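Engineer: So I've got this file, protein.txt, and it contains compact mmCIF, C-alpha atoms:
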```txt
# COMPACT_ATOMS: atom_id res chain seq x y z
CA MET E 1 16.97 -12.36 18.30
CA LYS E 2 17.76 -9.89 21.10
CA ILE E 3 15.61 -10.32 24.21
CA ALA E 4 15.23 -8.25 27.39
CA ILE E 5 14.15 -10.17 30.51
CA VAL E 6 12.87 -8.13 33.47
CA GLU E 7 12.62 -10.14 36.70
CA ASP E 8 13.01 -8.84 40.27
CA ASP E 9 13.66 -12.26 41.84
CA ILE E 10 17.43 -12.79 41.61
CA ASN E 11 17.23 -16.60 41.64
CA MET E 12 14.68 -16.65 38.82
CA ARG E 13 16.66 -14.08 36.88
CA LYS E 14 19.91 -16.02 37.12
CA SER E 15 18.17 -19.30 36.29
CA LEU E 16 16.78 -17.78 33.09
CA GLU E 17 20.18 -16.33 32.17
CA ILE E 18 21.83 -19.77 32.52
CA ALA E 19 19.05 -21.67 30.74
CA MET E 20 18.81 -19.24 27.85
CA GLY E 21 22.59 -19.32 27.44
CA ASP E 22 22.21 -22.72 25.77
CA TYR E 23 20.33 -21.16 22.84
CA LYS E 24 22.81 -19.46 20.55
CA GLU E 25 20.05 -17.90 18.42
CA PHE E 26 19.00 -15.72 21.38
CA ARG E 27 20.94 -12.79 22.85
CA VAL E 28 19.57 -12.18 26.34
CA LYS E 29 20.04 -9.20 28.65
CA THR E 30 18.42 -9.26 32.10
CA PHE E 31 17.23 -6.43 34.34
CA LYS E 32 16.22 -6.46 38.01
CA ASN E 33 13.45 -3.88 37.55
CA ALA E 34 11.45 -2.07 34.88
CA LYS E 35 13.07 1.33 35.41
CA ASP E 36 16.54 -0.09 34.73
CA ALA E 37 15.22 -1.75 31.57
CA LEU E 38 13.67 1.48 30.30
CA LYS E 39 17.07 3.20 30.51
CA VAL E 40 18.66 0.62 28.19
CA LEU E 41 15.94 -0.57 25.80
CA ASP E 42 16.47 0.61 22.25
CA ASP E 43 15.64 -0.44 18.67
CA SER E 44 18.10 -3.33 18.81
CA PHE E 45 15.76 -5.36 21.07
CA ASP E 46 13.20 -7.64 19.42
CA LEU E 47 11.26 -8.88 22.44
CA VAL E 48 10.61 -8.04 26.12
CA ILE E 49 9.82 -10.73 28.71
CA THR E 50 8.71 -9.32 32.04
CA ASP E 51 7.40 -10.40 35.42
CA ILE E 52 4.05 -8.84 36.25
CA ASN E 53 4.42 -8.37 40.02
CA MET E 54 7.47 -6.20 40.75
CA PRO E 55 8.16 -3.41 43.28
CA GLY E 56 8.23 0.16 42.02
CA MET E 57 6.85 -0.20 38.50
CA ASP E 58 4.92 -3.44 37.96
CA GLY E 59 4.65 -5.35 34.69
CA ILE E 60 1.39 -3.73 33.55
CA GLU E 61 2.73 -0.20 34.14
CA PHE E 62 5.94 -1.23 32.37
CA VAL E 63 4.03 -2.45 29.30
CA LYS E 64 2.07 0.81 29.22
CA GLU E 65 5.35 2.73 29.37
CA LEU E 66 6.71 0.72 26.43
CA GLY E 67 3.83 2.10 24.37
CA GLY E 68 3.66 -0.77 21.89
CA ARG E 69 7.28 -0.35 20.73
CA TYR E 70 8.08 -3.99 21.57
CA GLU E 71 6.29 -7.30 21.58
CA VAL E 72 5.90 -8.54 25.18
CA ILE E 73 5.60 -11.89 26.95
CA ILE E 74 4.43 -11.69 30.58
CA MET E 75 5.33 -14.24 33.27
CA THR E 76 3.91 -14.41 36.79
CA GLY E 77 3.46 -16.73 39.73
CA ASN E 78 0.14 -15.38 41.00
CA ALA E 79 -1.86 -14.12 38.06
CA THR E 80 -5.42 -12.94 38.37
CA LEU E 81 -7.93 -13.01 35.54
CA SER E 82 -8.31 -9.22 35.60
CA ARG E 83 -4.53 -8.73 35.28
CA ALA E 84 -4.37 -11.21 32.42
CA ILE E 85 -7.21 -9.43 30.60
CA GLU E 86 -5.56 -6.05 31.20
CA SER E 87 -2.29 -7.30 29.70
CA ILE E 88 -4.10 -8.68 26.64
CA HIS E 89 -5.79 -5.31 26.09
CA LEU E 90 -2.31 -3.78 26.05
CA GLY E 91 -1.29 -6.08 23.20
CA VAL E 92 0.53 -8.81 25.16
CA LYS E 93 0.43 -12.05 23.14
CA ASP E 94 1.67 -14.65 25.65
CA PHE E 95 1.05 -15.02 29.40
CA LEU E 96 3.19 -17.68 31.17
CA LEU E 97 2.35 -18.98 34.64
CA LYS E 98 5.23 -19.79 36.99
CA PRO E 99 6.64 -22.28 37.53
CA PHE E 100 7.34 -23.16 33.89
CA ASP E 101 10.19 -25.07 32.29
CA VAL E 102 12.56 -23.37 29.88
CA ASP E 103 11.12 -25.28 26.89
CA THR E 104 7.75 -23.58 27.46
CA LEU E 105 9.42 -20.18 27.40
CA VAL E 106 11.48 -21.02 24.32
CA ASP E 107 8.35 -22.19 22.51
CA ALA E 108 6.69 -18.85 23.32
CA ILE E 109 9.74 -16.95 22.04
CA LYS E 110 9.80 -18.98 18.82
CA ARG E 111 6.09 -18.30 18.26
CA GLU E 112 6.81 -14.62 18.65
CA ALA E 113 9.75 -14.86 16.23
CA VAL E 114 7.45 -16.35 13.58
CA VAL E 115 4.87 -13.57 14.12
CA GLN E 116 7.55 -10.88 13.78
CA LYS E 117 8.90 -12.48 10.60
CA VAL E 118 5.42 -12.49 9.04
CA LYS E 119 4.85 -8.87 10.06
CA LYS E 120 8.15 -7.75 8.56
CA SER E 121 7.40 -9.65 5.36
CA ALA E 122 3.93 -8.05 5.15
CA GLN E 123 5.38 -4.59 5.74
CA LYS E 124 7.97 -5.15 3.03
CA SER E 125 5.29 -6.28 0.57
CA LYS E 126 3.19 -3.28 1.42
CA LYS E 127 6.08 -1.00 0.55
CA THR E 128 6.75 -2.69 -2.75
CA THR E 129 4.20 -4.51 -4.89
CA ASN E 130 1.23 -5.05 -2.60
CA ASP E 131 -1.04 -3.10 -4.97
CA PHE E 132 -0.45 -5.56 -7.83
CA LEU E 133 -2.48 -8.75 -8.05
CA GLY E 134 -0.01 -10.67 -10.19
CA SER E 135 3.65 -10.86 -11.13
CA SER E 136 5.47 -11.28 -14.42
CA GLU E 137 8.83 -10.51 -15.95
CA ALA E 138 7.34 -7.62 -17.95
CA LEU E 139 5.74 -6.13 -14.84
CA THR E 140 8.94 -6.49 -12.83
CA LYS E 141 10.90 -4.52 -15.42
CA VAL E 142 8.42 -1.64 -15.39
CA LEU E 143 8.24 -1.63 -11.59
CA GLY E 144 12.03 -1.38 -11.46
CA ILE E 145 11.90 1.84 -13.48
CA ALA E 146 8.93 3.12 -11.46
CA GLN E 147 10.73 2.54 -8.18
CA LYS E 148 13.82 4.45 -9.33
CA ALA E 149 11.68 7.31 -10.61
CA SER E 150 9.56 7.42 -7.44
CA LYS E 151 12.55 8.51 -5.33
CA THR E 152 12.77 11.77 -7.28
CA ASP E 153 10.32 14.60 -7.93
CA ALA E 154 10.56 14.23 -11.70
CA SER E 155 7.28 14.33 -13.63
CA ILE E 156 6.23 10.88 -14.87
CA LEU E 157 4.02 10.16 -17.86
CA LEU E 158 2.34 6.74 -17.73
CA LEU E 159 1.63 5.37 -21.20
CA GLY E 160 -0.43 2.32 -22.07
CA GLU E 161 -3.73 0.95 -23.26
CA SER E 162 -6.94 1.49 -21.35
CA GLY E 163 -7.29 -0.89 -18.42
CA VAL E 164 -3.59 -1.71 -17.85
CA GLY E 165 -3.64 -0.21 -14.35
CA LYS E 166 -2.19 3.27 -14.78
CA GLU E 167 -3.77 4.59 -11.57
CA VAL E 168 -2.39 1.60 -9.66
CA PHE E 169 1.08 2.50 -10.97
CA ALA E 170 0.58 6.16 -10.01
CA SER E 171 -0.41 5.12 -6.48
CA TYR E 172 2.61 2.78 -6.31
CA ILE E 173 4.93 5.63 -7.31
CA HIS E 174 3.42 7.87 -4.62
CA LYS E 175 3.64 5.21 -1.88
CA ASN E 176 7.31 4.59 -2.66
CA SER E 177 8.20 8.29 -2.80
CA PRO E 178 9.33 10.72 -0.09
CA ARG E 179 5.82 12.20 -0.34
CA ALA E 180 4.13 8.94 0.73
CA LYS E 181 2.65 10.41 3.93
CA LYS E 182 1.13 13.36 2.08
CA PRO E 183 -2.06 13.33 -0.08
CA PHE E 184 -2.44 11.33 -3.27
CA ILE E 185 -5.18 12.87 -5.42
CA ALA E 186 -6.31 11.38 -8.72
CA ILE E 187 -8.31 13.30 -11.33
CA ASN E 188 -9.69 11.87 -14.57
CA MET E 189 -9.73 14.64 -17.19
CA ALA E 190 -12.24 12.74 -19.34
CA ALA E 191 -14.73 12.53 -16.46
CA ILE E 192 -14.97 16.27 -15.77
CA PRO E 193 -17.12 18.54 -17.96
CA GLU E 194 -14.87 20.85 -19.97
CA ASN E 195 -16.30 24.02 -18.43
CA LEU E 196 -15.54 22.76 -14.89
CA ILE E 197 -11.96 21.51 -15.31
CA GLU E 198 -10.30 24.84 -14.54
CA SER E 199 -12.26 25.43 -11.33
CA GLU E 200 -11.76 21.80 -10.29
CA LEU E 201 -7.99 22.03 -10.70
CA PHE E 202 -7.34 25.53 -9.38
CA GLY E 203 -10.33 26.28 -7.16
CA PHE E 204 -12.39 29.46 -7.01
CA GLU E 205 -13.33 32.34 -4.75
CA LYS E 206 -16.84 33.20 -3.60
CA GLY E 207 -18.63 35.10 -6.37
CA ALA E 208 -16.19 34.04 -9.09
CA PHE E 209 -19.20 32.85 -11.13
CA THR E 210 -22.95 32.55 -10.69
CA ASP E 211 -23.04 29.38 -8.56
CA ALA E 212 -19.89 30.15 -6.53
CA THR E 213 -21.66 30.77 -3.21
CA GLU E 214 -18.51 30.01 -1.23
CA ALA E 215 -14.78 29.66 -1.88
CA LYS E 216 -13.39 26.24 -2.74
CA ALA E 217 -9.82 24.95 -2.87
CA GLY E 218 -8.78 23.23 -6.10
CA GLN E 219 -7.16 19.83 -6.43
CA PHE E 220 -3.70 21.40 -6.68
CA GLU E 221 -4.12 22.93 -3.23
CA LEU E 222 -5.60 19.74 -1.78
CA ALA E 223 -2.64 17.73 -3.07
CA ASN E 224 -0.09 20.15 -1.61
CA GLY E 225 2.96 18.27 -0.34
CA GLY E 226 1.88 15.10 -2.09
CA THR E 227 1.17 13.73 -5.57
CA LEU E 228 -1.38 14.89 -8.12
CA PHE E 229 -2.30 12.21 -10.67
CA LEU E 230 -3.81 13.58 -13.88
CA ASP E 231 -5.38 10.65 -15.73
CA GLU E 232 -6.40 10.91 -19.40
CA ILE E 233 -4.25 14.04 -19.72
CA GLY E 234 -4.74 13.96 -23.50
CA GLU E 235 -8.41 14.96 -22.93
CA MET E 236 -7.52 18.23 -21.19
CA PRO E 237 -8.93 21.24 -23.09
CA TYR E 238 -6.25 23.16 -24.98
CA GLY E 239 -7.13 26.41 -23.23
CA VAL E 240 -6.49 24.96 -19.77
CA GLN E 241 -3.17 23.40 -20.75
CA ALA E 242 -1.33 26.75 -20.59
CA LYS E 243 -2.54 27.29 -17.01
CA LEU E 244 -1.48 23.78 -16.06
CA LEU E 245 1.98 24.38 -17.52
CA ARG E 246 2.33 27.63 -15.59
CA ALA E 247 1.20 25.99 -12.33
CA ILE E 248 3.83 23.25 -12.72
CA GLN E 249 6.62 25.63 -13.74
CA GLU E 250 5.93 28.42 -11.26
CA LYS E 251 4.79 26.11 -8.45
CA GLU E 252 1.79 28.30 -7.78
CA VAL E 253 -1.90 28.52 -8.67
CA ARG E 254 -4.54 31.23 -8.73
CA ARG E 255 -8.12 30.45 -7.83
CA LEU E 256 -10.76 31.69 -10.27
CA GLY E 257 -11.79 35.18 -9.21
CA SER E 258 -8.58 35.84 -7.26
CA ALA E 259 -5.46 37.85 -8.08
CA LYS E 260 -3.51 36.20 -5.27
CA ALA E 261 -1.09 33.39 -6.10
CA ILE E 262 -0.98 30.36 -3.80
CA LYS E 263 2.32 28.51 -3.54
CA ILE E 264 2.15 24.75 -4.04
CA ASP E 265 4.59 21.88 -3.64
CA ILE E 266 3.41 18.83 -5.55
CA ARG E 267 4.68 16.03 -7.73
CA VAL E 268 2.74 15.51 -10.96
CA VAL E 269 2.15 12.06 -12.43
CA SER E 270 0.03 11.97 -15.58
CA ALA E 271 -1.31 9.22 -17.81
CA THR E 272 -2.83 8.71 -21.23
CA ASN E 273 -3.74 6.02 -23.72
CA ALA E 274 -3.77 8.62 -26.52
CA ASN E 275 -0.95 9.33 -28.97
CA LEU E 276 0.16 12.73 -27.70
CA ASN E 277 2.59 13.23 -30.61
CA GLU E 278 -0.35 13.00 -33.00
CA LYS E 279 -2.34 15.42 -30.85
CA ILE E 280 0.60 17.85 -30.91
CA LYS E 281 0.70 17.71 -34.73
CA LYS E 282 -3.03 18.41 -34.86
CA GLY E 283 -2.67 21.37 -32.49
CA GLU E 284 -4.69 19.63 -29.76
CA PHE E 285 -1.92 19.32 -27.18
CA ARG E 286 0.83 21.78 -26.24
CA GLU E 287 4.33 20.57 -27.03
CA ASP E 288 5.87 22.50 -24.12
CA LEU E 289 3.43 20.87 -21.68
CA TYR E 290 4.20 17.45 -23.17
CA TYR E 291 7.92 17.85 -22.45
CA ARG E 292 7.21 19.15 -18.95
CA LEU E 293 5.05 16.10 -18.13
CA ASN E 294 7.24 13.58 -19.94
CA THR E 295 10.48 13.82 -17.95
CA ILE E 296 10.25 10.08 -17.32
CA PRO E 297 7.97 8.13 -19.71
CA LEU E 298 6.79 4.80 -18.33
CA HIS E 299 5.30 2.36 -20.85
CA ILE E 300 2.99 -0.13 -19.13
CA PRO E 301 2.67 -3.31 -21.22
CA PRO E 302 -0.80 -4.69 -22.01
CA LEU E 303 -2.03 -7.86 -20.31
CA ARG E 304 -1.40 -9.97 -23.43
CA GLU E 305 2.32 -9.29 -22.85
CA ARG E 306 2.02 -10.18 -19.15
CA LYS E 307 0.43 -13.62 -19.50
CA ASP E 308 2.13 -14.92 -16.36
CA GLU E 309 -0.19 -12.68 -14.35
CA ILE E 310 -3.49 -13.83 -15.85
CA LEU E 311 -4.19 -16.97 -13.80
CA GLU E 312 -2.68 -15.48 -10.66
CA ILE E 313 -5.00 -12.47 -10.88
CA ALA E 314 -7.98 -14.65 -11.81
CA GLN E 315 -7.49 -17.00 -8.86
CA LYS E 316 -7.12 -14.17 -6.36
CA MET E 317 -10.21 -12.43 -7.67
CA ILE E 318 -12.25 -15.65 -7.68
CA ALA E 319 -11.48 -16.04 -3.98
CA HIS E 320 -12.27 -12.36 -3.37
CA ASN E 321 -15.61 -12.50 -5.19
CA CYS E 322 -16.65 -15.77 -3.55
CA GLN E 323 -16.13 -14.09 -0.19
CA LYS E 324 -17.81 -10.89 -1.36
CA TYR E 325 -20.98 -12.67 -2.48
CA GLY E 326 -21.01 -15.38 0.19
CA PHE E 327 -20.40 -18.26 -2.25
CA ASP E 328 -18.59 -21.50 -1.51
CA THR E 329 -15.05 -21.67 -2.87
CA LYS E 330 -14.87 -21.91 -6.66
CA ARG E 331 -12.04 -22.69 -9.07
CA LEU E 332 -11.32 -22.65 -12.79
CA SER E 333 -11.49 -25.79 -14.89
CA ALA E 334 -8.46 -26.63 -17.01
CA GLU E 335 -10.36 -25.59 -20.14
CA ALA E 336 -11.33 -22.27 -18.55
CA GLU E 337 -7.70 -21.61 -17.62
CA SER E 338 -6.63 -22.33 -21.19
CA GLU E 339 -9.35 -20.00 -22.47
CA LEU E 340 -8.14 -17.15 -20.27
CA LEU E 341 -4.55 -17.63 -21.42
CA SER E 342 -5.42 -17.70 -25.13
CA TYR E 343 -7.65 -14.62 -25.04
CA THR E 344 -6.10 -11.30 -26.21
CA TRP E 345 -7.65 -9.08 -23.49
CA PRO E 346 -8.39 -5.86 -25.38
CA GLY E 347 -9.70 -4.38 -22.11
CA ASN E 348 -6.62 -5.57 -20.20
CA ILE E 349 -6.77 -6.07 -16.41
CA ARG E 350 -10.01 -4.11 -16.06
CA GLU E 351 -11.67 -6.58 -18.45
CA LEU E 352 -10.18 -9.60 -16.68
CA LEU E 353 -11.57 -8.43 -13.33
CA SER E 354 -15.01 -8.01 -14.90
CA VAL E 355 -14.91 -11.45 -16.58
CA VAL E 356 -13.88 -13.16 -13.35
CA GLU E 357 -16.59 -11.49 -11.26
CA ARG E 358 -19.24 -12.39 -13.84
CA SER E 359 -18.11 -16.01 -14.04
CA VAL E 360 -18.18 -16.38 -10.25
CA ILE E 361 -21.75 -15.08 -10.14
CA LEU E 362 -23.10 -17.10 -13.10
CA SER E 363 -21.25 -20.43 -12.76
CA GLU E 364 -23.50 -23.32 -11.79
CA THR E 365 -20.99 -25.43 -9.85
CA SER E 366 -17.82 -25.03 -7.81
CA GLU E 367 -15.78 -25.39 -11.02
CA ILE E 368 -16.03 -22.52 -13.50
CA GLN E 369 -16.33 -23.89 -17.03
CA LYS E 370 -14.97 -22.44 -20.26
CA ASP E 371 -18.40 -21.39 -21.59
CA GLU E 372 -19.19 -19.62 -18.28
CA LEU E 373 -16.48 -17.06 -19.05
CA PHE E 374 -18.52 -15.79 -22.04
CA LEU E 375 -15.41 -14.84 -24.01
CA ASN E 376 -16.36 -16.29 -27.40
CA ASN E 377 -18.22 -13.19 -28.50
CA ARG E 378 -15.12 -11.03 -27.99
CA LYS E 379 -12.62 -13.10 -30.00
```
Reformat the file's structure so that it appears as structure tokens.
Structural biologist:
Amino acid sequence: MKIAIVEDDINMRKSLEIAMGDYKEFRVKTFKNAKDALKVLDDSFDLVITDINMPGMDGIEFVKELGGRYEVIIMTGNATLSRAIESIHLGVKDFLLKPFDVDTLVDAIKREAVVQKVKKSAQKSKKTTNDFLGSSEALTKVLGIAQKASKTDASILLLGESGVGKEVFASYIHKNSPRAKKPFIAINMAAIPENLIESELFGFEKGAFTDATEAKAGQFELANGGTLFLDEIGEMPYGVQAKLLRAIQEKEVRRLGSAKAIKIDIRVVSATNANLNEKIKKGEFREDLYYRLNTIPLHIPPLRERKDEILEIAQKMIAHNCQKYGFDTKRLSAEAESELLSYTWPGNIRELLSVVERSVILSETSEIQKDELFLNNRK
């Protein structure tokens, strides 16, 4: 851990240098004032320890100048309550009163090291699988493919049964892509009336049709720079498919009622639980669009093939729902756990979430029983 110590008193500064030299896990560099420290501080430093009362730039001004780039411990010999409160408002976690022994300082540094480790771990999880409630070998394999694909702009087609979490996968791909800071927009083709899909996707100009009292940007425009997720793509009307194909190929759209093309830069991720090959044979889905969307097919296994996730998801959602509804902590009985594991889950994760929420609400005691899952009528 690399630490910067800023202390104007030469005796105190040298004492800290000598004392900290006994701790091989710390690399310490000292400065006689804040301005000297600001000239040297870079990303290699993990922590700043500073006196609060210094000539020129004092500790509070110094912390403000750091702008939250480093965690800070403040030390002082004549602290006032107002100064302590001000430092806390600036994000300072520890405030040490002089005189203190070196063990007190080392304890504060170690506390900070633990906090930083947790933060880094949380950030890493957020970048990887934070969206997923459980883990299994089957899920890990699919995530490996998704992560490789996310680094490119290739179109991805998510395949799997209803309820397996296709939108969660689409969001994961976006968050791990170079487009992560741009919009992620999800559209469910099955949820939009057929006569509105075209205007929803491509937008319209004022007067384009009877109710078009003002111009509106379509979802393609709103997703510009980011990712557009087209769920239930198999439900898209055949007549709109040609316009979708052109938008993807030409990287431009035309609003209804406009002759002007609008350039777009998006990545398309689509999903379906339908058999698109069968739809192609029946003339319900364009083959050329299928190949354009299916650069990288990603098959998401059903929950019955990811059994390792079932109890993990259930336990997390029990805790979540207990908190949501203000209940005391509840848990599954052994028989209830066995029931969850033996069930085939035709509705996949979506069904599991529903079953868990219902059982939390209806269970009579702190232990959820097998019959309180109400799964018998689905077997």
Engineer: Which one is closest to Val6 of chain E: E:Val356, E:Ala34, E:Val28, E:Leu332? Count all atoms listed in the file.
Structural biologist: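 Going through E:Val356, E:Ala34, E:Val28, E:Leu332 one by one, the smallest distance to Val6 of chain E is for E:Ala34.
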Engineer: In Å, how far is it from atom CA of Leu201 of chain E to atom CA of Ile300 of chain E?
Structural biologist: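 Computed distance, atom CA of Leu201 of chain E to atom CA of Ile300 of chain E, equals 26.1 Å.
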Engineer: Within 12 Å of Glu198 of chain E, counting all atoms listed in the file, which residues qualify if same-chain residues fewer than 3 places away don't, as a ChimeraX atom specification?
Structural biologist: /E:189,192-195,201-204,217-220,236-244,247,253-257
Engineer: Write out as a ChimeraX atom specification each polymer residue whose atoms come within 12 Å of Asp153 of chain E, counting all atoms listed in the file; drop sequence neighbours fewer than 3 positions from it.
Structural biologist: /E:148-150,156,173-174,176-179,225-228,248,265-269,293,295-296
Engineer: Take the selection from the previous step and output its residues with C-alpha atoms, as a JSON list (two decimals), in the frame of the given file.
Structural biologist:
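Here's the written file part-v3.json:
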```
[["chain", "number", "residue", "atom", "x", "y", "z"],
["E", 148, "LYS", "CA", 13.82, 4.45, -9.33],
["E", 149, "ALA", "CA", 11.68, 7.31, -10.61],
["E", 150, "SER", "CA", 9.56, 7.42, -7.44],
["E", 156, "ILE", "CA", 6.23, 10.88, -14.87],
["E", 173, "ILE", "CA", 4.93, 5.63, -7.31],
["E", 174, "HIS", "CA", 3.42, 7.87, -4.62],
["E", 176, "ASN", "CA", 7.31, 4.59, -2.66],
["E", 177, "SER", "CA", 8.20, 8.29, -2.80],
["E", 178, "PRO", "CA", 9.33, 10.72, -0.09],
["E", 179, "ARG", "CA", 5.82, 12.20, -0.34],
["E", 225, "GLY", "CA", 2.96, 18.27, -0.34],
["E", 226, "GLY", "CA", 1.88, 15.10, -2.09],
["E", 227, "THR", "CA", 1.17, 13.73, -5.57],
["E", 228, "LEU", "CA", -1.38, 14.89, -8.12],
["E", 248, "ILE", "CA", 3.83, 23.25, -12.72],
["E", 265, "ASP", "CA", 4.59, 21.88, -3.64],
["E", 266, "ILE", "CA", 3.41, 18.83, -5.55],
["E", 267, "ARG", "CA", 4.68, 16.03, -7.73],
["E", 268, "VAL", "CA", 2.74, 15.51, -10.96],
["E", 269, "VAL", "CA", 2.15, 12.06, -12.43],
["E", 293, "LEU", "CA", 5.05, 16.10, -18.13],
["E", 295, "THR", "CA", 10.48, 13.82, -17.95],
["E", 296, "ILE", "CA", 10.25, 10.08, -17.32]]
```
Engineer: Quick one: residues within 12 Å of Met57 of chain E, only C-alpha atoms counted, chain neighbours fewer than 3 positions away excluded, as a list of chain:residue names?
Structural biologist: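 Listing them by chain and then by number gives E:Val6, E:Glu7, E:Asp8, E:Lys32, E:Asn33, E:Ala34, E:Lys35, E:Asp36, E:Ala37, E:Leu38, E:Thr50, E:Asp51, E:Ile52, E:Asn53, E:Met54, E:Ile60, E:Glu61, E:Phe62, E:Val63, E:Lys64, E:Glu65.
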Engineer: Pick out the closest residue to Leu159 of chain E from this set: E:Gln249, E:Asn188, E:Asn273, E:Thr365. Count only C-alpha atoms.
Structural biologist: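 So, comparing all the options, the nearest one is E:Asn273.
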Engineer: Quote the spacing between atom CA of Lys307 of chain E and atom CA of Asp231 of chain E in Å to one decimal place.
Structural biologist: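 Between atom CA of Lys307 of chain E and atom CA of Asp231 of chain E the gap works out to 25.2 Å.
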Engineer: Can you tell me which residues surround Glu214 of chain E at a distance of at most 8 Å, considering all atoms listed in the file, apart from same-chain residues fewer than 4 positions away, and format the answer as a PDB file with C-alpha atoms, in the frame of the given file?
Structural biologist:
```pdb
ATOM      1  CA  GLU E 205     -13.330  32.340  -4.750  1.00  0.00           C
ATOM      2  CA  LYS E 206     -16.840  33.200  -3.600  1.00  0.00           C
ATOM      3  CA  GLY E 207     -18.630  35.100  -6.370  1.00  0.00           C
TER       4      GLY E 207
END
```
Engineer: In Å, with one decimal, what is the gap from atom CA of Leu41 of chain E to atom CA of Asn11 of chain E?
Structural biologist: 22.6 Å
Engineer: Using only C-alpha atoms, which of the listed residues (E:Ser135, E:Ser342, E:Ser270, E:Ser155) sits closest to Ile187 of chain E?
Structural biologist: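 Checking each candidate against Ile187 of chain E, we get E:Ser270 as the closest.
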Engineer: Using only C-alpha atoms, list the residues that have an atom at most 10 Å from (6.4, 24.7, -23.5), coordinates as in the file, as a ChimeraX atom specification.
Structural biologist: /E:242,245-246,249,286-292
Engineer: Can you work out which one of E:Leu375, E:Phe100, E:Ala212, E:Ala314 has the shortest atom-to-atom distance to Thr76 of chain E, counting all atoms listed in the file?
Structural biologist: E:Phe100
Engineer: Identify, on the basis of all atoms listed in the file, every residue whose closest approach to Leu143 of chain E does not exceed 12 Å; exclude the query and any residue fewer than 3 positions from it along the same chain; express the result as a PyMOL selection string.
Structural biologist: chain E and resi 128-132+135-140+146-150+158+166+168-170+172-173+176+298-301
Engineer: Because some atoms of segment 252-263 of chain E are absent here, can you restore N, CA, C and O atoms and send them as a PDB file, keeping the file's coordinate frame?
Structural biologist:
```pdb
ATOM      1  N   GLU E 252       2.825  27.497  -8.402  1.00  0.00           N
ATOM      2  CA  GLU E 252       1.790  28.300  -7.780  1.00  0.00           C
ATOM      3  C   GLU E 252       0.516  28.252  -8.620  1.00  0.00           C
ATOM      4  O   GLU E 252       0.564  27.971  -9.822  1.00  0.00           O
ATOM      5  N   VAL E 253      -0.617  28.485  -7.979  1.00  0.00           N
ATOM      6  CA  VAL E 253      -1.900  28.520  -8.670  1.00  0.00           C
ATOM      7  C   VAL E 253      -2.666  29.758  -8.241  1.00  0.00           C
ATOM      8  O   VAL E 253      -2.401  30.344  -7.185  1.00  0.00           O
ATOM      9  N   ARG E 254      -3.619  30.140  -9.074  1.00  0.00           N
ATOM     10  CA  ARG E 254      -4.540  31.230  -8.730  1.00  0.00           C
ATOM     11  C   ARG E 254      -5.955  30.699  -8.848  1.00  0.00           C
ATOM     12  O   ARG E 254      -6.350  30.177  -9.874  1.00  0.00           O
ATOM     13  N   ARG E 255      -6.719  30.841  -7.770  1.00  0.00           N
ATOM     14  CA  ARG E 255      -8.120  30.450  -7.830  1.00  0.00           C
ATOM     15  C   ARG E 255      -8.869  31.376  -8.797  1.00  0.00           C
ATOM     16  O   ARG E 255      -8.501  32.539  -8.965  1.00  0.00           O
ATOM     17  N   LEU E 256      -9.920  30.851  -9.413  1.00  0.00           N
ATOM     18  CA  LEU E 256     -10.760  31.690 -10.270  1.00  0.00           C
ATOM     19  C   LEU E 256     -11.338  32.823  -9.419  1.00  0.00           C
ATOM     20  O   LEU E 256     -11.831  32.597  -8.310  1.00  0.00           O
ATOM     21  N   GLY E 257     -11.250  34.034  -9.934  1.00  0.00           N
ATOM     22  CA  GLY E 257     -11.790  35.180  -9.210  1.00  0.00           C
ATOM     23  C   GLY E 257     -10.823  35.777  -8.212  1.00  0.00           C
ATOM     24  O   GLY E 257     -11.198  36.661  -7.432  1.00  0.00           O
ATOM     25  N   SER E 258      -9.569  35.313  -8.203  1.00  0.00           N
ATOM     26  CA  SER E 258      -8.580  35.840  -7.260  1.00  0.00           C
ATOM     27  C   SER E 258      -7.328  36.295  -8.000  1.00  0.00           C
ATOM     28  O   SER E 258      -6.930  35.677  -8.989  1.00  0.00           O
ATOM     29  N   ALA E 259      -6.725  37.368  -7.510  1.00  0.00           N
ATOM     30  CA  ALA E 259      -5.460  37.850  -8.080  1.00  0.00           C
ATOM     31  C   ALA E 259      -4.279  37.356  -7.264  1.00  0.00           C
ATOM     32  O   ALA E 259      -3.123  37.603  -7.610  1.00  0.00           O
ATOM     33  N   LYS E 260      -4.560  36.651  -6.183  1.00  0.00           N
ATOM     34  CA  LYS E 260      -3.510  36.200  -5.270  1.00  0.00           C
ATOM     35  C   LYS E 260      -3.014  34.807  -5.664  1.00  0.00           C
ATOM     36  O   LYS E 260      -3.799  33.882  -5.867  1.00  0.00           O
ATOM     37  N   ALA E 261      -1.692  34.684  -5.781  1.00  0.00           N
ATOM     38  CA  ALA E 261      -1.090  33.390  -6.100  1.00  0.00           C
ATOM     39  C   ALA E 261      -0.911  32.567  -4.832  1.00  0.00           C
ATOM     40  O   ALA E 261      -0.560  33.111  -3.773  1.00  0.00           O
ATOM     41  N   ILE E 262      -1.156  31.281  -4.937  1.00  0.00           N
ATOM     42  CA  ILE E 262      -0.980  30.360  -3.800  1.00  0.00           C
ATOM     43  C   ILE E 262       0.157  29.405  -4.138  1.00  0.00           C
ATOM     44  O   ILE E 262       0.124  28.711  -5.160  1.00  0.00           O
ATOM     45  N   LYS E 263       1.176  29.379  -3.309  1.00  0.00           N
ATOM     46  CA  LYS E 263       2.320  28.510  -3.540  1.00  0.00           C
ATOM     47  C   LYS E 263       1.939  27.048  -3.306  1.00  0.00           C
ATOM     48  O   LYS E 263       1.216  26.722  -2.360  1.00  0.00           O
TER      49      LYS E 263
END
```
